[in-house]
$ cat my_file_5.txt   # compact mmCIF, C-alpha atoms
# COMPACT_ATOMS: atom_id res chain seq x y z
CA MET O 9 60.46 113.46 109.26
CA LYS O 10 61.29 114.37 105.67
CA ASP O 11 58.50 114.35 103.13
CA PRO O 12 59.28 111.13 101.20
CA ASN O 13 57.59 112.56 98.12
CA GLN O 14 60.28 115.24 98.00
CA THR O 15 63.17 112.82 98.51
CA ARG O 16 65.17 111.27 95.67
CA TYR O 17 67.78 108.65 96.53
CA LEU O 18 70.71 107.50 94.42
CA PHE O 19 72.15 104.16 95.58
CA LEU O 20 75.75 103.21 94.79
CA GLN O 21 77.41 99.90 95.75
CA GLY O 22 75.96 97.94 98.65
CA PRO O 23 76.74 94.78 100.62
CA HIS O 24 76.54 91.53 98.68
CA GLY O 25 73.01 90.18 98.59
CA PRO O 26 69.45 91.56 98.54
CA PHE O 27 69.69 94.26 101.22
CA PHE O 28 69.97 97.32 98.96
CA HIS O 29 67.20 95.97 96.72
CA ARG O 30 64.87 95.54 99.71
CA LEU O 31 65.82 98.93 101.11
CA GLY O 32 65.11 100.68 97.81
CA ARG O 33 61.77 98.90 97.51
CA MET O 34 60.68 100.04 100.98
CA LEU O 35 61.76 103.64 100.32
CA ARG O 36 59.68 103.60 97.16
CA ALA O 37 56.75 102.25 99.18
CA ALA O 38 57.17 105.23 101.50
CA GLY O 39 56.81 107.58 98.50
CA ALA O 40 60.45 108.36 97.68
CA GLU O 41 62.07 108.07 94.24
CA VAL O 42 65.00 105.63 94.04
CA TRP O 43 67.75 105.03 91.48
CA ARG O 44 70.68 102.62 91.61
CA VAL O 45 74.04 102.88 89.84
CA GLY O 46 75.57 99.51 89.00
CA PHE O 47 79.26 99.17 88.21
CA ASN O 48 79.34 95.47 87.31
CA ALA O 49 77.14 92.45 86.68
CA GLY O 50 77.06 91.61 90.39
CA ASP O 51 75.52 94.99 91.22
CA ARG O 52 72.96 94.47 88.46
CA ALA O 53 72.07 90.93 89.59
CA PHE O 54 71.47 91.98 93.20
CA TRP O 55 69.12 94.77 92.10
CA PHE O 56 66.87 91.90 90.91
CA GLY O 57 65.48 93.80 87.92
CA GLY O 58 64.16 96.58 90.13
CA PRO O 59 63.24 99.96 88.60
CA GLY O 60 65.69 102.83 88.39
CA TYR O 61 68.80 100.82 87.51
CA ILE O 62 71.57 102.88 85.84
CA PRO O 63 74.57 100.94 84.48
CA TYR O 64 77.95 102.67 84.61
CA ARG O 65 80.16 101.23 81.85
CA ASP O 66 82.59 104.08 81.28
CA ALA O 67 86.22 104.31 82.41
CA PRO O 68 86.86 105.00 86.13
CA GLU O 69 88.36 108.44 85.48
CA HIS O 70 85.05 109.64 84.03
CA TRP O 71 83.01 108.64 87.08
CA PRO O 72 83.04 111.98 89.02
CA ALA O 73 81.68 113.89 86.02
CA THR O 74 79.09 111.20 85.30
CA PHE O 75 78.02 111.17 88.95
CA ALA O 76 77.56 114.94 88.97
CA ALA O 77 75.47 114.68 85.80
CA LEU O 78 73.28 112.01 87.39
CA LEU O 79 72.66 114.25 90.40
CA ASP O 80 71.47 116.99 88.06
CA ALA O 81 69.42 114.74 85.79
CA HIS O 82 67.43 113.18 88.62
CA ASP O 83 67.49 116.11 91.05
CA ILE O 84 69.02 113.83 93.71
CA THR O 85 68.66 114.84 97.36
CA ASP O 86 70.32 111.83 99.07
CA ILE O 87 72.97 109.25 98.20
CA VAL O 88 73.19 105.80 99.78
CA LEU O 89 76.33 103.65 99.93
CA TYR O 90 78.07 100.83 101.76
CA GLY O 91 81.39 102.08 103.11
CA ASP O 92 82.86 105.41 102.08
CA THR O 93 86.47 104.64 101.13
CA ARG O 94 86.39 102.67 97.85
CA PRO O 95 87.29 105.10 95.04
CA VAL O 96 83.85 105.40 93.43
CA HIS O 97 82.32 106.14 96.84
CA ALA O 98 85.01 108.53 98.05
CA GLN O 99 84.67 110.57 94.85
CA ALA O 100 80.89 110.57 95.09
CA VAL O 101 80.95 111.67 98.72
CA GLU O 102 83.21 114.59 97.85
CA VAL O 103 80.84 115.79 95.11
CA ALA O 104 77.71 115.19 97.20
CA ARG O 105 79.11 116.98 100.23
CA ALA O 106 80.01 120.02 98.14
CA ARG O 107 76.37 120.18 97.01
CA GLY O 108 74.97 119.79 100.52
CA LEU O 109 73.28 116.44 99.82
CA THR O 110 72.48 113.97 102.59
CA ILE O 111 74.97 111.07 102.59
CA HIS O 112 73.69 107.80 104.08
CA VAL O 113 76.53 105.39 104.90
CA PHE O 114 76.00 101.77 105.89
CA GLU O 115 78.78 99.63 107.33
CA GLU O 116 79.30 96.46 109.28
CA GLY O 117 78.29 97.16 112.88
CA TYR O 118 80.72 98.75 115.28
CA LEU O 119 79.19 96.26 117.73
CA ARG O 120 78.95 93.44 115.19
CA PRO O 121 77.73 90.82 114.57
CA TYR O 122 74.27 91.67 115.93
CA TRP O 123 74.09 95.26 114.71
CA VAL O 124 74.95 97.20 111.57
CA SER O 125 76.10 100.82 111.43
CA TYR O 126 74.02 103.57 109.90
CA GLU O 127 75.54 107.06 109.86
CA ARG O 128 75.37 110.21 107.81
CA GLY O 129 78.41 111.82 106.24
CA GLY O 130 80.94 109.06 106.88
CA SER O 131 81.87 105.93 108.81
CA ASN O 132 84.86 104.49 110.67
CA GLY O 133 87.66 107.09 110.52
CA HIS O 134 85.27 109.56 108.85
CA SER O 135 82.52 109.07 111.45
CA ARG O 136 81.30 111.89 113.65
CA LEU O 137 82.16 109.60 116.56
CA MET O 138 85.82 110.39 115.99
CA ASP O 139 85.30 113.92 117.33
CA MET O 140 83.01 113.01 120.23
CA SER O 141 84.25 112.57 123.77
CA VAL O 142 82.76 110.24 126.35
CA PRO O 143 81.48 113.26 128.39
CA ASP O 144 79.71 114.49 125.23
CA MET O 145 78.00 111.11 124.93
CA LYS O 146 77.07 111.07 128.61
CA ARG O 147 75.35 114.45 128.30
CA ALA O 148 73.41 113.29 125.24
CA LEU O 149 72.18 110.23 127.15
CA GLU O 150 70.76 112.21 130.06
CA MET O 151 67.29 112.33 128.48
CA SER O 152 67.24 108.62 127.67
CA GLU O 153 66.08 105.78 129.86
CA MET O 154 66.56 102.89 127.44
CA ASP O 155 67.79 99.61 128.86
CA VAL O 156 70.90 98.27 127.14
CA PRO O 157 69.58 95.57 124.78
CA GLU O 158 70.93 92.06 124.82
CA PRO O 159 72.02 90.40 121.58
CA PRO O 160 69.91 87.60 120.08
CA ALA O 161 71.10 84.02 120.04
CA ARG O 162 72.37 84.50 116.48
CA TRP O 163 71.52 85.93 113.07
CA GLY O 164 73.33 83.21 111.16
CA ASP O 165 74.99 85.75 108.87
CA MET O 166 78.36 84.12 108.14
CA LYS O 167 77.15 81.34 105.82
CA SER O 168 74.89 83.78 103.98
CA HIS O 169 77.75 86.27 103.77
CA VAL O 170 80.03 83.67 102.16
CA PHE O 171 77.26 82.52 99.79
CA TYR O 172 76.39 85.98 98.52
CA GLY O 173 80.07 86.90 98.22
CA ALA O 174 80.73 83.81 96.10
CA LEU O 175 77.66 84.49 93.93
CA TYR O 176 78.69 88.12 93.42
CA HIS O 177 82.16 87.07 92.24
CA TRP O 178 80.62 84.46 89.93
CA PHE O 179 78.77 87.24 88.11
CA LEU O 180 82.00 89.25 87.88
CA LEU O 181 83.86 86.28 86.40
CA PHE O 182 81.29 84.95 83.96
CA ARG O 183 78.68 87.64 83.28
CA ASN O 184 80.62 90.89 83.33
CA GLY O 185 81.03 91.40 79.58
CA ASP O 186 78.86 94.52 79.58
CA TYR O 187 81.14 96.19 82.14
CA ARG O 188 84.58 95.82 80.56
CA ASN O 189 85.89 99.00 82.18
CA PHE O 190 85.04 97.85 85.71
CA ARG O 191 87.99 97.91 88.14
CA PRO O 192 87.57 96.31 91.59
CA HIS O 193 88.45 98.45 94.58
CA ARG O 194 90.82 95.74 95.85
CA ASP O 195 94.33 95.20 94.52
CA LEU O 196 94.01 91.57 93.49
CA PRO O 197 92.34 90.59 90.19
CA VAL O 198 88.90 89.01 90.52
CA TRP O 199 90.22 85.64 89.28
CA THR O 200 92.93 85.57 91.96
CA GLU O 201 90.48 86.57 94.68
CA THR O 202 88.08 83.85 93.57
CA LEU O 203 90.78 81.17 93.50
CA LEU O 204 91.86 82.10 97.03
CA TYR O 205 88.32 81.80 98.37
CA THR O 206 87.72 78.58 96.44
CA ARG O 207 90.83 77.06 97.98
CA ARG O 208 89.70 78.20 101.40
CA LEU O 209 86.29 76.58 100.94
CA MET O 210 87.86 73.30 99.79
CA LEU O 211 90.26 73.25 102.73
CA MET O 212 87.69 74.22 105.37
CA PRO O 213 87.72 70.82 107.15
CA LEU O 214 91.51 70.87 107.42
CA LEU O 215 91.53 74.53 108.47
CA ALA O 216 88.93 73.79 111.15
CA LEU O 217 91.07 70.94 112.50
CA ASP O 218 94.13 73.19 112.55
CA ARG O 219 92.16 75.89 114.36
CA MET O 220 90.79 73.50 116.98
CA THR O 221 94.26 72.08 117.62
CA ALA O 222 95.81 75.52 118.05
CA THR O 223 92.97 76.69 120.31
CA ALA O 224 93.23 73.58 122.48
CA ARG O 225 96.99 74.08 122.80
CA ILE O 226 96.36 77.57 124.15
CA LYS O 227 93.39 76.63 126.31
CA TYR O 228 95.17 73.77 128.05
CA GLY O 229 98.65 75.30 128.01
CA GLY O 230 98.18 76.95 131.38
CA PHE O 231 100.25 80.02 130.41
CA PRO O 232 99.25 83.70 130.55
CA TYR O 233 98.80 85.13 127.06
CA HIS O 234 98.19 88.34 125.14
CA LEU O 235 95.90 88.38 122.11
CA ALA O 236 96.58 90.17 118.80
CA LEU O 237 93.49 90.65 116.62
CA LEU O 238 94.36 90.54 112.92
CA GLN O 239 92.39 92.15 110.13
CA LEU O 240 92.12 91.65 106.40
CA GLU O 241 94.98 93.50 104.76
CA HIS O 242 92.63 94.82 102.05
CA ASP O 243 89.99 95.97 104.55
CA ALA O 244 89.14 99.67 104.26
CA SER O 245 89.71 100.35 107.96
CA PHE O 246 93.22 98.90 107.71
CA ARG O 247 94.13 100.60 104.42
CA GLU O 248 92.62 104.03 105.04
CA HIS O 249 92.65 104.50 108.80
CA SER O 250 95.90 102.96 110.06
CA PRO O 251 99.62 103.83 109.98
CA PHE O 252 100.53 100.52 108.32
CA LYS O 253 100.86 99.70 104.63
CA THR O 254 100.92 95.93 105.15
CA MET O 255 99.92 93.50 107.88
CA LYS O 256 103.59 92.52 108.17
CA ASP O 257 104.37 96.03 109.46
CA PHE O 258 101.87 95.53 112.27
CA LEU O 259 103.10 92.01 113.06
CA GLU O 260 106.68 93.21 113.39
CA ILE O 261 105.79 96.00 115.82
CA VAL O 262 103.69 93.68 117.98
CA ILE O 263 106.28 90.90 118.16
CA ASP O 264 109.07 93.40 118.90
CA GLY O 265 107.02 95.01 121.69
CA PHE O 266 106.16 91.60 123.13
CA ALA O 267 109.80 90.48 123.08
CA ARG O 268 110.95 93.67 124.84
CA GLY O 269 108.15 94.08 127.35
CA ALA O 270 106.24 90.89 128.22
CA PRO O 271 107.34 88.70 131.14
CA ARG O 272 109.28 85.69 129.87
CA HIS O 273 106.60 83.18 130.87
CA HIS O 274 103.87 85.03 128.89
CA HIS O 275 102.77 83.99 125.40
CA LEU O 276 101.40 85.90 122.39
CA VAL O 277 98.45 84.65 120.31
CA PHE O 278 97.64 86.00 116.85
CA LYS O 279 94.04 85.40 115.78
CA ALA O 280 93.31 85.64 112.06
CA HIS O 281 90.18 87.31 110.69
CA PRO O 282 87.35 84.80 110.05
CA LEU O 283 87.41 85.64 106.31
CA GLU O 284 91.20 85.50 105.90
CA ASN O 285 91.81 83.71 102.60
CA GLY O 286 95.58 83.36 102.54
CA ARG O 287 96.44 86.26 100.25
CA SER O 288 99.17 87.13 102.75
CA PRO O 289 101.25 84.26 104.26
CA LEU O 290 100.58 85.35 107.83
CA ARG O 291 101.66 82.15 109.55
CA ARG O 292 105.04 82.12 107.79
CA ILE O 293 105.63 85.81 108.50
CA ILE O 294 104.77 85.36 112.18
CA ARG O 295 107.08 82.35 112.45
CA GLU O 296 109.99 84.21 110.85
CA LEU O 297 109.57 87.37 112.92
CA SER O 298 109.20 85.34 116.12
CA ARG O 299 112.48 83.54 115.44
CA GLU O 300 114.23 86.83 114.71
CA HIS O 301 113.13 88.23 118.09
CA GLY O 302 113.87 85.05 120.04
CA VAL O 303 110.26 84.32 121.07
CA ALA O 304 109.27 81.56 118.62
CA ALA O 305 108.36 79.11 121.39
CA ARG O 306 105.92 81.61 122.91
CA VAL O 307 104.02 82.81 119.82
CA HIS O 308 100.89 81.11 118.41
CA TYR O 309 98.69 81.57 115.34
CA VAL O 310 94.97 80.67 115.24
CA ARG O 311 93.01 80.57 111.98
CA GLY O 312 89.77 82.46 112.65
CA GLY O 313 87.16 80.81 114.87
CA LYS O 314 85.19 82.23 117.78
CA LEU O 315 86.90 85.14 119.49
CA ALA O 316 85.11 84.54 122.80
CA ARG O 317 87.02 81.32 123.43
CA LEU O 318 90.33 83.14 123.28
CA LEU O 319 89.13 86.18 125.22
CA ASP O 320 88.09 84.00 128.16
CA HIS O 321 91.66 83.89 129.47
CA ALA O 322 93.46 86.72 127.63
CA LYS O 323 95.40 89.22 129.74
CA THR O 324 95.40 91.96 127.09
CA ALA O 325 94.55 92.53 123.43
CA VAL O 326 96.19 94.59 120.71
CA THR O 327 94.88 95.51 117.27
CA VAL O 328 95.16 98.05 114.48
CA ASN O 329 91.52 99.14 114.59
CA SER O 330 89.42 95.96 114.40
CA THR O 331 85.79 96.23 115.46
CA ALA O 332 86.38 92.96 117.36
CA ALA O 333 88.09 95.16 119.95
CA GLN O 334 84.61 96.11 121.17
CA GLN O 335 84.31 92.58 122.57
CA VAL O 336 87.61 93.10 124.35
CA LEU O 337 86.38 96.29 126.00
CA TRP O 338 83.03 94.74 126.90
CA ARG O 339 85.00 92.18 128.95
CA ASN O 340 87.08 94.95 130.57
CA ILE O 341 90.33 93.59 129.11
CA PRO O 342 93.19 96.11 128.58
CA LEU O 343 93.39 97.16 124.92
CA LYS O 344 96.08 98.79 122.76
CA VAL O 345 95.10 100.29 119.39
CA PHE O 346 97.30 101.66 116.58
CA GLY O 347 94.88 103.03 113.98
CA SER O 348 91.97 105.45 113.92
CA ALA O 349 88.89 103.81 115.44
CA VAL O 350 85.57 105.10 116.72
CA TYR O 351 86.25 103.41 120.09
CA ASN O 352 89.77 104.82 120.50
CA LYS O 353 89.00 106.92 123.56
CA PRO O 354 91.60 107.59 126.30
CA GLU O 355 89.23 106.44 129.04
CA PHE O 356 89.36 102.81 127.93
CA VAL O 357 92.13 102.38 125.32
CA SER O 358 95.71 102.30 126.57
CA THR O 359 98.08 105.19 125.83
CA GLN O 360 101.12 103.24 127.07
CA SER O 361 104.00 102.25 124.82
CA LEU O 362 103.67 98.67 123.59
CA PRO O 363 106.47 97.21 125.78
CA GLU O 364 104.95 98.96 128.83
CA PHE O 365 101.52 97.68 127.87
CA PHE O 366 102.72 94.07 127.68
CA ALA O 367 104.67 94.46 130.92
CA GLN O 368 102.00 96.06 133.10
CA PRO O 369 98.83 97.11 131.28
CA ALA O 370 96.51 99.75 132.71
CA ARG O 371 92.92 98.61 133.15
CA PRO O 372 90.24 100.34 131.05
CA ASP O 373 87.52 102.48 132.62
CA ALA O 374 84.61 100.02 132.42
CA LYS O 375 82.03 102.62 133.40
CA ALA O 376 83.14 104.96 130.60
CA TYR O 377 82.96 102.13 128.08
CA ARG O 378 79.43 101.23 129.17
CA THR O 379 78.45 104.86 128.53
CA TYR O 380 80.05 104.73 125.10
CA ARG O 381 78.41 101.43 124.21
CA ARG O 382 74.98 102.61 125.32
CA TYR O 383 75.41 105.76 123.22
CA LEU O 384 76.13 103.67 120.12
CA LEU O 385 73.12 101.43 120.75
CA GLU O 386 70.84 104.47 120.97
CA THR O 387 72.22 106.12 117.82
CA SER O 388 74.13 104.51 114.95
CA GLN O 389 73.84 100.79 115.77
CA VAL O 390 70.74 99.21 114.25
CA PRO O 391 69.75 95.65 115.22
CA GLY O 392 69.95 93.23 112.33
CA GLY O 393 72.28 92.09 109.58
CA PHE O 394 72.80 92.50 105.84
CA TYR O 395 73.03 88.87 104.83
CA SER O 396 70.61 86.50 106.57
CA ALA O 397 66.86 86.83 105.96
CA ARG O 398 66.17 87.15 109.68
CA GLY O 399 68.82 89.82 110.11
CA ARG O 400 67.47 91.83 107.17
CA ARG O 401 63.93 91.69 108.55
CA ALA O 402 65.12 93.12 111.86
CA LEU O 403 67.12 95.82 110.10
CA MET O 404 64.31 96.94 107.80
CA ARG O 405 61.95 97.47 110.74
CA GLN O 406 63.98 100.51 111.80
CA VAL O 407 66.41 101.75 109.21
CA VAL O 408 63.98 103.27 106.69
CA ASP O 409 62.45 105.50 109.36
CA MET O 410 65.97 106.53 110.40
CA MET O 411 66.82 107.47 106.80
CA LEU O 412 63.62 109.51 106.46
CA ALA O 413 64.22 111.33 109.74
CA ALA O 414 65.14 115.00 109.45
CA GLU O 415 68.16 114.58 111.74
CA ASP O 416 70.89 112.00 111.84
CA PRO O 417 70.91 109.55 114.80
CA TYR O 418 73.47 111.54 116.82
CA ASP O 419 71.67 114.88 116.54
CA ALA O 420 68.29 113.24 117.13
CA LEU O 421 69.44 111.89 120.50
CA SER O 422 71.01 115.20 121.56
CA THR O 423 67.85 117.17 120.73
CA GLY O 424 65.47 114.67 122.28
CA LYS O 425 63.93 113.70 118.92
CA ALA O 426 65.23 110.14 118.70
CA GLY O 427 62.58 107.55 118.02
CA PRO O 428 62.15 104.42 120.14
CA ARG O 429 64.75 101.72 119.56
CA GLN O 430 63.84 98.10 119.15
CA GLN O 431 65.03 95.68 121.82
CA LEU O 432 67.15 92.93 120.27
CA SER O 433 65.97 90.32 122.71
CA ILE O 434 62.49 90.36 121.18
CA VAL O 435 63.51 90.53 117.50
CA ARG O 436 62.21 87.57 115.45
$ encode --input "my_file_5.txt" --output "structure tokens"
Amino acid sequence: MKDPNQTRYLFLQGPHGPFFHRLGRMLRAAGAEVWRVGFNAGDRAFWFGGPGYIPYRDAPEHWPATFAALLDAHDITDIVLYGDTRPVHAQAVEVARARGLTIHVFEEGYLRPYWVSYERGGSNGHSRLMDMSVPDMKRALEMSEMDVPEPPARWGDMKSHVFYGALYHWFLLFRNGDYRNFRPHRDLPVWTETLLYTRRLMLMPLLALDRMTATARIKYGGFPYHLALLQLEHDASFREHSPFKTMKDFLEIVIDGFARGAPRHHHLVFKAHPLENGRSPLRRIIRELSREHGVAARVHYVRGGKLARLLDHAKTAVTVNSTAAQQVLWRNIPLKVFGSAVYNKPEFVSTQSLPEFFAQPARPDAKAYRTYRRYLLETSQVPGGFYSARGRRALMRQVVDMMLAAEDPYDALSTGKAGPRQQLSIVR
């Protein structure tokens, strides 16, 4: 383990809510020095007046030079961030990597919602998992005898996630006067984003009724169907690690492949992301494309909801690179992926063309996927969540020790130095 007294962390932007504040406080308790750069009033508010806060109020183009100066001024050894693709993070990672600093990256769990991802160097398309084969993982697991943990009943993260997201945007709208040069990493202005989410919250009862009606129509329709998992168009995985510029590009390819390959009695179901706020008129686009390809009567759209209910009877699933695909593979359902994804391995993700996949999909190698999943659970997947109090408690019990470890989770397992992992079934 590193000597905490010789470790100096610089935090950048984190998930909405108290997680980064709690993490910094525990690292300080361990003996490390901790600073936090805030780019807006939301970042400042969620640091809760903790020590080491550094406001960045300059123009975005000056950030790389300012970041380098901060590294020198505080003799930083480690940087900590949530996601590695937003511009301020991507620029910081480039500078930090050139200096040989340790880069701690948190992300939503690859096996969400009951785990979060902790990696060093990069996540998603920049993860070390991208270059690992299933045989590599199998060899690394030979020294381990851990039982595969079961998920808890629930963390209850979604409501907390929405609450902290709304509170964060409130600070950006009404308390951001000290950060006039702040530019969000998403394309839409903060006001527009807020209005979309406000409308979604107001319409939640109607949206829930629409979702239940659409799900019932599919459940009781008695037809075979294929499931397309949609993502948020502004999501980093979609923008940075896929071949598509817009969700419409993906929709068109899927509907065309379905029309050319699927048996004529099969249907296609598009499931929206749970946090889809209507910034893109997905239902209208799907309706228009379905009519153009002559399959309008066989294509359905479901607004969010529980994925498990739709997976119960799905014949296949297709996605760009959604982490929800892990649930597909866990159920041994054939899967087609278009973007870069840590689970995109030839043993269990189809290499067929899309029409061939819809016509006669090859089954995934369930044994290979179980090896892959076990490898993740023993390395980068940490039980807990960013948003609910219970999820944060579970996360904090392990993640600080992982950050202070001399090796990253993947190397620690390969060299036999990995610490014991907590079983989710007993987390309280």
$ atom_distance --input "my_file_5.txt" --atom1 "CA of Phe346 (chain O)" --atom2 "CA of Val326 (chain O)"
8.3 Å
$ atom_distance --input "my_file_5.txt" --atom1 "CA of Ile84 (chain O)" --atom2 "CA of Pro59 (chain O)"
15.9 Å
$ closest_residue --input "my_file_5.txt" --among "O:Gln389, O:Thr359, O:Thr110, O:Ser141" --to "Arg128 (chain O)" --atoms "all atoms listed in the file"
O:Thr110
$ residues_around --input "my_file_5.txt" --residues "Gln360 (chain O)" --least-positions-apart "2" --cutoff "9 Å" --atoms "all atoms listed in the file" --output "JSON, numbers by chain"
{"O": [344, 358, 362, 363, 364, 365, 369, 370]}
$ residues_around --input "my_file_5.txt" --residues "region 390-396 of chain O" --least-positions-apart "3" --cutoff "8 Å" --atoms "all atoms listed in the file" --output "JSON, numbers by chain"
{"O": [23, 24, 25, 26, 27, 117, 121, 122, 123, 124, 125, 126, 163, 164, 165, 166, 168, 169, 172, 385, 387, 399, 400, 401, 402, 403, 406, 407, 430, 432]}
$ closest_atom_pairs --input "my_file_5.txt" --of "region 271-380 of chain O" --to "region 252-259 of chain O" --cutoff "8 Å" --atoms "only C-alpha atoms" --output "CSV"
residue,atom,partner,partner_atom,distance
O:Leu290,CA,O:Lys256,CA,7.8
O:Ile293,CA,O:Lys256,CA,7.0
O:Ile294,CA,O:Leu259,CA,6.9
O:Leu297,CA,O:Leu259,CA,8.0
O:Val328,CA,O:Phe258,CA,7.5
$ closest_residue --input "my_file_5.txt" --among "O:Asn329, O:Arg306, O:Leu315, O:Gly265" --to "Ser250 (chain O)" --atoms "only C-alpha atoms"
O:Asn329
$ closest_residue --input "my_file_5.txt" --among "O:Arg272, O:Gly32, O:Arg292, O:His321" --to "Ala305 (chain O)" --atoms "only C-alpha atoms"
O:Arg272
$ residues_around --input "my_file_5.txt" --residues "region 410-412 of chain O" --least-positions-apart "4" --cutoff "9 Å" --atoms "all atoms listed in the file" --output "PyMOL selection string"
chain O and resi 9-12+15+35+112+126+406+416-417+427
